[in-house]
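Dumped work_17.cif below, it's mmCIF, C-alpha atoms:
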data_input
#
loop_
_atom_site.label_atom_id
_atom_site.label_comp_id
_atom_site.auth_asym_id
_atom_site.auth_seq_id
_atom_site.Cartn_x
_atom_site.Cartn_y
_atom_site.Cartn_z
CA MET E 962 -18.10 12.77 -7.98
CA ILE E 963 -16.95 12.16 -4.43
CA THR E 964 -16.46 8.47 -5.19
CA THR E 965 -14.13 9.16 -8.12
CA VAL E 966 -12.12 11.69 -6.12
CA ALA E 967 -11.93 9.29 -3.18
CA HIS E 968 -10.62 6.50 -5.42
CA PHE E 969 -7.96 8.83 -6.82
CA CYS E 970 -6.99 9.89 -3.27
CA LEU E 971 -6.74 6.24 -2.21
CA LEU E 972 -4.29 5.64 -5.05
CA VAL E 973 -2.17 8.68 -4.17
CA ILE E 974 -2.06 7.87 -0.43
CA ALA E 975 -1.13 4.25 -1.16
CA LEU E 976 1.70 5.43 -3.41
CA SER E 977 2.87 7.81 -0.69
CA LEU E 978 3.38 4.84 1.65
CA ILE E 979 6.27 3.62 -0.52
CA PRO E 980 8.83 6.28 0.65
CA ALA E 981 7.96 5.43 4.25
CA LEU E 982 8.73 1.75 3.59
CA TYR E 983 11.95 2.76 1.84
CA ARG E 984 12.99 4.85 4.84
CA ILE E 985 12.13 2.02 7.27
CA VAL E 986 14.34 -0.39 5.32
CA ARG E 987 17.24 1.96 4.60
CA GLY E 988 17.12 4.67 7.33
CA PRO E 989 20.53 5.05 8.95
CA SER E 990 19.33 5.21 12.58
CA ILE E 991 16.51 3.93 14.75
CA ALA E 992 14.99 7.42 14.94
CA ASP E 993 14.63 7.53 11.15
CA ARG E 994 12.77 4.25 11.22
CA VAL E 995 10.47 5.47 14.00
CA VAL E 996 9.62 8.66 12.10
CA ALA E 997 8.95 6.58 8.99
CA ALA E 998 6.75 4.18 10.96
CA ASP E 999 4.82 7.17 12.30
CA ALA E 1000 4.25 8.41 8.76
CA LEU E 1001 3.18 4.88 7.73
CA THR E 1002 0.64 4.71 10.57
CA THR E 1003 -0.79 8.10 9.63
CA GLY E 1004 -1.04 7.07 5.97
CA ILE E 1005 -2.90 3.88 6.90
CA MET E 1006 -5.27 5.93 9.09
CA ALA E 1007 -5.96 8.21 6.12
CA ILE E 1008 -6.60 5.16 3.91
CA VAL E 1009 -9.16 3.82 6.40
CA VAL E 1010 -10.91 7.21 6.61
CA VAL E 1011 -11.11 7.56 2.81
CA SER E 1012 -12.32 3.95 2.55
CA SER E 1013 -15.08 4.72 5.03
CA ILE E 1014 -16.06 7.67 2.81
CA VAL E 1015 -16.23 5.32 -0.21
CA LEU E 1016 -18.16 2.62 1.68
CA HIS E 1017 -20.39 5.25 3.35
CA THR E 1018 -20.15 3.78 6.80
CA ARG E 1019 -18.71 5.04 10.05
CA ASP E 1020 -17.89 1.70 11.59
CA TYR E 1021 -14.15 1.93 11.08
CA PHE E 1022 -13.39 5.02 13.16
CA ASP E 1023 -12.70 2.86 16.22
CA ALA E 1024 -9.85 1.28 14.26
CA VAL E 1025 -8.55 4.74 13.33
CA MET E 1026 -8.63 5.80 16.99
CA ALA E 1027 -6.80 2.61 18.07
CA MET E 1028 -4.13 3.18 15.40
CA ALA E 1029 -3.60 6.77 16.57
CA ILE E 1030 -3.17 5.69 20.21
CA LEU E 1031 -0.87 2.76 19.38
CA GLY E 1032 1.29 4.88 17.07
CA PHE E 1033 1.80 7.54 19.72
CA PHE E 1034 2.68 5.08 22.48
CA GLY E 1035 5.02 3.20 20.17
CA THR E 1036 6.86 6.41 19.36
CA VAL E 1037 7.17 7.34 23.03
CA ALA E 1038 8.38 3.85 23.96
CA VAL E 1039 11.11 3.83 21.28
CA ALA E 1040 12.17 7.38 22.24
CA LYS E 1041 12.69 6.20 25.83
CA TYR E 1042 14.52 3.12 24.55
CA ILE E 1043 16.95 5.18 22.47
CA LEU E 1044 17.95 7.20 25.54
CA GLN E 1045 19.17 3.94 27.16
CA GLY E 1046 17.76 4.45 30.60
CA ARG E 1047 18.43 8.14 30.95
CA PRO E 1048 15.38 9.83 32.44
CA ILE E 1049 13.38 12.20 30.28
CA ASP E 1050 12.83 15.31 32.34
CA MET I 1467 -22.11 22.18 -2.78
CA ILE I 1468 -21.29 19.99 0.21
CA GLU I 1469 -19.84 17.46 -2.20
CA ILE I 1470 -17.52 20.06 -3.75
CA ILE I 1471 -16.29 21.10 -0.30
CA ALA I 1472 -15.70 17.45 0.60
CA CYS I 1473 -13.75 16.89 -2.62
CA LEU I 1474 -11.58 19.94 -2.02
CA ALA I 1475 -10.83 18.92 1.57
CA LEU I 1476 -10.04 15.38 0.45
CA LEU I 1477 -7.67 16.56 -2.29
CA THR I 1478 -5.96 18.98 0.11
CA GLY I 1479 -5.39 16.29 2.71
CA THR I 1480 -4.08 13.86 0.11
CA PHE I 1481 -1.76 16.53 -1.27
CA PHE I 1482 -0.21 17.13 2.14
CA ILE I 1483 0.21 13.41 2.84
CA ALA I 1484 2.01 13.05 -0.50
CA ILE I 1485 4.21 16.06 0.39
CA ALA I 1486 5.09 14.32 3.68
CA ALA I 1487 6.16 11.20 1.79
CA LEU I 1488 8.30 13.31 -0.52
CA GLY I 1489 9.98 15.00 2.46
CA LEU I 1490 10.60 11.61 4.07
CA ALA I 1491 12.40 10.42 0.96
CA ARG I 1492 14.38 13.57 0.14
CA MET I 1493 15.33 15.38 3.38
CA PRO I 1494 18.99 15.07 4.45
CA ASP I 1495 18.89 14.23 8.19
CA ILE I 1496 16.59 12.94 10.91
CA TYR I 1497 15.64 16.35 12.31
CA SER I 1498 14.45 17.83 9.04
CA ARG I 1499 12.70 14.57 8.21
CA ALA I 1500 10.77 14.58 11.50
CA HIS I 1501 9.93 18.26 10.98
CA ALA I 1502 8.57 17.77 7.45
CA VAL I 1503 6.71 14.53 8.11
CA THR I 1504 5.00 15.53 11.34
CA LYS I 1505 3.55 18.84 10.24
CA ALA I 1506 2.48 17.63 6.80
CA THR I 1507 0.80 14.43 8.00
CA THR I 1508 -1.04 16.30 10.77
CA LEU I 1509 -2.48 18.75 8.25
CA GLY I 1510 -3.23 15.91 5.83
CA MET I 1511 -5.19 13.97 8.44
CA ALA I 1512 -7.09 17.17 9.33
CA GLY I 1513 -8.08 17.59 5.67
CA VAL I 1514 -9.19 13.99 5.21
CA LEU I 1515 -11.21 14.03 8.44
CA SER I 1516 -12.83 17.34 7.41
CA ALA I 1517 -13.90 15.67 4.17
CA SER I 1518 -15.39 12.82 6.19
CA ILE I 1519 -17.35 15.30 8.35
CA ALA I 1520 -18.64 17.04 5.21
CA VAL I 1521 -19.71 13.75 3.62
CA PHE I 1522 -21.51 12.33 6.64
CA GLY I 1523 -23.17 15.64 7.47
CA SER I 1524 -22.41 15.77 11.18
CA PRO I 1525 -19.22 15.48 13.26
CA GLY I 1526 -18.84 12.28 15.23
CA ALA I 1527 -15.65 10.44 16.05
CA GLU I 1528 -13.76 12.57 13.52
CA LEU I 1529 -13.36 15.43 15.96
CA LEU I 1530 -11.96 13.07 18.60
CA VAL I 1531 -9.45 11.58 16.15
CA MET I 1532 -8.47 15.04 14.90
CA LEU I 1533 -7.93 16.35 18.43
CA PHE I 1534 -5.84 13.31 19.33
CA VAL I 1535 -3.70 13.54 16.19
CA VAL I 1536 -3.10 17.27 16.63
CA LEU I 1537 -2.18 16.78 20.29
CA THR I 1538 0.09 13.73 20.04
CA ASN I 1539 1.89 14.03 16.69
CA PRO I 1540 4.08 17.03 17.66
CA VAL I 1541 4.80 15.52 21.09
CA GLY I 1542 5.99 12.25 19.59
CA ALA I 1543 8.16 13.97 16.98
CA HIS I 1544 9.67 16.23 19.62
CA MET I 1545 10.51 13.27 21.87
CA ILE I 1546 12.08 11.25 19.07
CA ALA I 1547 14.14 14.18 17.80
CA ARG I 1548 15.29 15.07 21.33
CA SER I 1549 16.39 11.55 22.16
CA ALA I 1550 18.13 11.33 18.77
CA TYR I 1551 20.05 14.52 19.58
CA LEU I 1552 21.01 13.37 23.08
CA ASN I 1553 22.15 10.08 21.57
CA GLY I 1554 24.56 11.91 19.26
CA ILE I 1555 22.99 11.42 15.85
CA PRO I 1556 24.64 14.15 13.75
CA MET I 1557 22.93 16.96 11.90
CA THR I 1558 23.58 17.51 8.23
CA GLU I 1559 26.55 19.68 7.21
CA MET I 1560 24.19 22.31 5.82
CA SER I 1561 22.77 23.26 9.23
CA ILE I 1562 23.98 26.60 10.61
CA LEU I 1563 22.67 26.74 14.23
CA ASP I 1564 22.77 24.33 17.17
CA GLU I 1565 20.97 25.79 20.17
CA MET I 1566 21.00 22.57 22.21
CA LYS I 1567 24.82 22.45 22.06
CA ARG I 1568 25.10 26.03 23.27
CA ALA I 1569 22.74 25.34 26.16
CA GLY I 1570 24.75 22.45 27.58
CA GLU I 1571 24.26 18.73 27.70
CA HIS I 1572 21.18 18.63 29.87
CA GLY I 1573 18.91 19.69 27.07
CA SER I 1574 17.35 22.67 28.85
CA VAL I 1575 17.60 25.43 26.28
CA ASP I 1576 17.82 28.70 28.18
CA HIS I 1577 17.50 31.76 26.00
CA ASP I 1578 18.56 34.17 28.76
CA THR I 1579 22.16 33.02 29.05
CA ASP I 1580 23.71 35.30 26.46
#
What is this file in structure tokens?
Amino acid sequence: MITTVAHFCLLVIALSLIPALYRIVRGPSIADRVVAADALTTGIMAIVVVSSIVLHTRDYFDAVMAMAILGFFGTVAVAKYILQGRPID
Amino acid sequence: MIEIIACLALLTGTFFIAIAALGLARMPDIYSRAHAVTKATTLGMAGVLSASIAVFGSPGAELLVMLFVVLTNPVGAHMIARSAYLNGIPMTEMSILDEMKRAGEHGSVDHDTD
């Protein structure tokens, strides 16, 4: 039963990546694109976790951890870049 | 029994990730988009990781990932929304309150001023 549910969840999460791609392409400002990229990263992390449930292995959690760290630092870097050198207090 | 709990957690997490995608497509401005996406994806990742803990029987790296996501997702969304505001990206016309504007340009909202 868990395998069927996990396959259905994989389909739904993969479909929910499409609005993030749409917002990255069309979003009117840089901040919209960063928020959409954050949502895309979180969706890919969820896909990897559900895939590890299907494959019944825990070897991919290092990749999930790396994606979480890289997504956060990317967001912080772009937030500092948008401020154009003004310090964040 | 464990399998039913795992299925329910998995469906809950997937539901909230789909809700986040819907909010990203439909919300009118950057601030409401960041608000909807951040909270919903954090809860969605918590549900999916809870399902993984229930399937594998014991918590391992899931707790670490969950702690990191819960700690860093709101911080990143706050920073991106704050720099968007200080950069002059407008709110939607439907918004009725702007506390940052009332507090001055330095971004330190002080609730004791009035």
Open item on the list: Distance limit 9 Å, atoms considered: only C-alpha atoms. Which chain I residues sit that close to chain E? Return them as a ChimeraX atom specification.
Closed with: /I:1469-1470,1472-1473,1476-1477,1479-1481,1483-1491,1495-1497,1499-1500,1503-1504,1507-1508,1510-1511,1514-1515,1517-1518,1521-1522,1526-1528,1530-1531,1534-1535,1538-1539,1541-1543,1545-1550,1552-1553,1555
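As for CA of Asp1020 in chain E and CA of Lys1505 in chain I, they are spaced 27.5 Å apart.
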Task: Separation of CA of Val1009 in chain E from CA of Pro1540 in chain I, in Å and rounded to one decimal - done: 21.8 Å
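For the pair CA of Ala1502 in chain I and CA of Glu1559 in chain I, the separation is 18.1 Å.
With all atoms listed in the file as the basis for measurement, I:Ala1512 is the residue among I:Leu1529, I:Ala1506, I:Ala1512, I:Met1493 that approaches Ala1475 in chain I most closely.
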